Amino acid sequence: MADDIFDKIIAGEIPAYKVYEDEDVLAFLDLSQATPGHTLLVPKADVPDIFAYDDDLAQRVLTKIPKVARAIKASDDKIIGMNILMNNGEAAGQSVFHSHIHLIPRYKDDGLNLPAPSEEHPVSDEVYKERAAKISAQFSKE
Ligand code: 5GP
């Protein structure tokens with residue numbers, strides 16, 4: 001039983017402008033077109049966010065990004081770049097809790113302002129080292 005909006009699209013219960021489908025993913029136009037061709041790449045597996053991907057799912061889903069990106073770019077010669085982003089968690093701006101990747105084509109002077117760090121926040125060498133060490137230590141736990 002489909003229970004979130006993307007499950008319903010995958011199940012064909014509600015319509016979407018589909019651009020690519022295989023056994024693992026569905027890609028369709030975002031209802032809200034940040035720029036023309038803005039596409040969502042969605043795993044058919046009902047995973048909420050990146051933190052729930054195991055290696056197998058990552059291989060089956062994330063390796064499709066370049067293929068979909070190339071198709072979008074090839075569809076319009078005015079596309080000169082692309083932002084690929086994934087919001088994970090409410091704090092990161094996620095609003096649909098079925099994992100998805102945004103592919104947002106960029107055009108000359110398209111005026112799109114994506115959230116970007118507006119200020120540099122340099123920290124001391126000690127702080128960089130401490131932060132990097134805390135993250136790198138996690139890999140030995142996997
Ligand atoms: P998020 O904010 O979670 O990263 O992105 C969710 C995206 O899903 C939004 O950009 C929103 O426009 C899109 N979206 C929400 N509901 C629907 C829908 O029913 N159909 C389509 N095609 N896109 C949707």
# chains A, B, ... in the order shown; residues from 1 in each chain; ligands from 1

$ residues_near_ligand --ligand "ligand 1" --cutoff "6 Å" --atoms "only C-alpha atoms and all ligand atoms" --output "NGL selection string"
:A and (5 or 16 or 29-32 or 87 or 93-96)

$ write_last_selection --atoms "N, CA and C atoms" --output "PDB file, in the first residue's frame"
ATOM      1  N   ILE A   5       3.556  10.486  -0.938  1.00  0.00           N
ATOM      2  CA  ILE A   5       3.202  11.004  -2.264  1.00  0.00           C
ATOM      3  C   ILE A   5       4.045  10.366  -3.373  1.00  0.00           C
ATOM      4  N   ALA A  16       2.339  11.737 -12.878  1.00  0.00           N
ATOM      5  CA  ALA A  16       3.564  12.537 -12.856  1.00  0.00           C
ATOM      6  C   ALA A  16       4.097  12.558 -14.282  1.00  0.00           C
ATOM      7  N   LEU A  29       9.332  14.983 -13.435  1.00  0.00           N
ATOM      8  CA  LEU A  29       9.472  16.425 -13.236  1.00  0.00           C
ATOM      9  C   LEU A  29       8.945  16.821 -11.863  1.00  0.00           C
ATOM     10  N   ASP A  30       9.702  17.677 -11.203  1.00  0.00           N
ATOM     11  CA  ASP A  30       9.211  18.269  -9.960  1.00  0.00           C
ATOM     12  C   ASP A  30       8.031  19.163 -10.297  1.00  0.00           C
ATOM     13  N   LEU A  31       6.969  19.040  -9.475  1.00  0.00           N
ATOM     14  CA  LEU A  31       5.783  19.864  -9.663  1.00  0.00           C
ATOM     15  C   LEU A  31       6.151  21.342  -9.655  1.00  0.00           C
ATOM     16  N   SER A  32       7.078  21.672  -8.788  1.00  0.00           N
ATOM     17  CA  SER A  32       7.559  23.049  -8.698  1.00  0.00           C
ATOM     18  C   SER A  32       8.875  23.127  -9.487  1.00  0.00           C
ATOM     19  N   ASN A  87      18.011  17.023  -0.124  1.00  0.00           N
ATOM     20  CA  ASN A  87      17.742  17.531   1.212  1.00  0.00           C
ATOM     21  C   ASN A  87      17.466  16.341   2.127  1.00  0.00           C
ATOM     22  N   GLY A  93      15.734  21.150   4.899  1.00  0.00           N
ATOM     23  CA  GLY A  93      14.731  21.589   3.923  1.00  0.00           C
ATOM     24  C   GLY A  93      13.948  20.461   3.275  1.00  0.00           C
ATOM     25  N   GLN A  94      14.097  19.236   3.780  1.00  0.00           N
ATOM     26  CA  GLN A  94      13.340  18.125   3.194  1.00  0.00           C
ATOM     27  C   GLN A  94      11.866  18.261   3.565  1.00  0.00           C
ATOM     28  N   SER A  95      11.002  18.112   2.560  1.00  0.00           N
ATOM     29  CA  SER A  95       9.568  18.225   2.826  1.00  0.00           C
ATOM     30  C   SER A  95       8.811  16.944   2.480  1.00  0.00           C
ATOM     31  N   VAL A  96       9.401  16.106   1.616  1.00  0.00           N
ATOM     32  CA  VAL A  96       8.801  14.802   1.319  1.00  0.00           C
ATOM     33  C   VAL A  96       9.773  13.752   1.845  1.00  0.00           C
TER      34      VAL A  96
END

$ select_by_dssp --residues "range 51-86 of chain A" --states "strand (DSSP E)" --output "JSON, numbers by chain"
{"A": [79, 80, 81, 82, 83, 84, 85]}

$ residues_around --residues "range 72-80 of chain A" --least-positions-apart "2" --cutoff "6 Å" --atoms "only C-alpha atoms" --output "ChimeraX atom specification"
/A:69-70,106-107

$ residues_around --residues "Ile9 in chain A" --least-positions-apart "4" --cutoff "12 Å" --atoms "only C-alpha atoms" --output "list in words"
Ala2, Asp3, Asp4, Ile5, Glu13, Ile14, Pro15, Ala16, Tyr17, Lys18, Glu21, Val25, Leu26, Ala27, Phe28, Leu29, Asp30, Leu31, Leu40, Val42, Pro43, Lys44 and His98 of chain A

$ residues_around --residues "Ile104 in chain A" --least-positions-apart "2" --cutoff "9 Å" --atoms "only C-alpha atoms" --output "ChimeraX atom specification"
/A:33-40,69,81-85,102,106

$ residues_around --residues "range 46-63 of chain A" --least-positions-apart "4" --cutoff "6 Å" --atoms "only C-alpha atoms" --output "JSON, numbers by chain"
{"A": [88, 97, 98, 99]}

$ write_last_selection --atoms "all heavy atoms" --output "tab-separated table (two decimals), in the first residue's frame"
chain	number	residue	atom	x	y	z
A	88	ASN	N	18.18	16.26	3.21
A	88	ASN	CA	18.03	15.13	4.13
A	88	ASN	C	17.69	15.64	5.52
A	88	ASN	O	18.53	16.21	6.20
A	88	ASN	CB	19.33	14.30	4.17
A	88	ASN	CG	19.61	13.65	2.84
A	88	ASN	OD1	19.00	12.65	2.49
A	88	ASN	ND2	20.52	14.23	2.08
A	97	PHE	N	9.28	12.92	2.77
A	97	PHE	CA	10.19	12.02	3.48
A	97	PHE	C	10.26	10.64	2.82
A	97	PHE	O	10.13	9.60	3.46
A	97	PHE	CB	9.84	12.00	4.97
A	97	PHE	CG	10.12	13.35	5.56
A	97	PHE	CD1	9.12	14.33	5.59
A	97	PHE	CD2	11.39	13.70	5.97
A	97	PHE	CE1	9.39	15.61	6.06
A	97	PHE	CE2	11.67	14.97	6.44
A	97	PHE	CZ	10.67	15.93	6.49
A	98	HIS	N	10.42	10.71	1.52
A	98	HIS	CA	10.79	9.57	0.68
A	98	HIS	C	11.97	10.11	-0.11
A	98	HIS	O	11.82	11.06	-0.90
A	98	HIS	CB	9.62	9.17	-0.23
A	98	HIS	CG	9.88	7.98	-1.10
A	98	HIS	ND1	8.99	6.94	-1.23
A	98	HIS	CD2	10.93	7.68	-1.91
A	98	HIS	CE1	9.48	6.04	-2.07
A	98	HIS	NE2	10.65	6.46	-2.50
A	99	SER	N	13.13	9.53	0.12
A	99	SER	CA	14.38	10.07	-0.42
A	99	SER	C	14.26	10.43	-1.91
A	99	SER	O	13.63	9.71	-2.69
A	99	SER	CB	15.47	9.02	-0.24
A	99	SER	OG	16.65	9.44	-0.85

$ atom_distance --atom1 "CA of Lys134 in chain A" --atom2 "CA of Glu90 in chain A"
23.6 Å

$ select_by_dssp --residues "range 1-136 of chain A" --states "alpha helix (DSSP H)" --output "PyMOL selection string"
chain A and resi 5-10+55-62+65-74+125-136
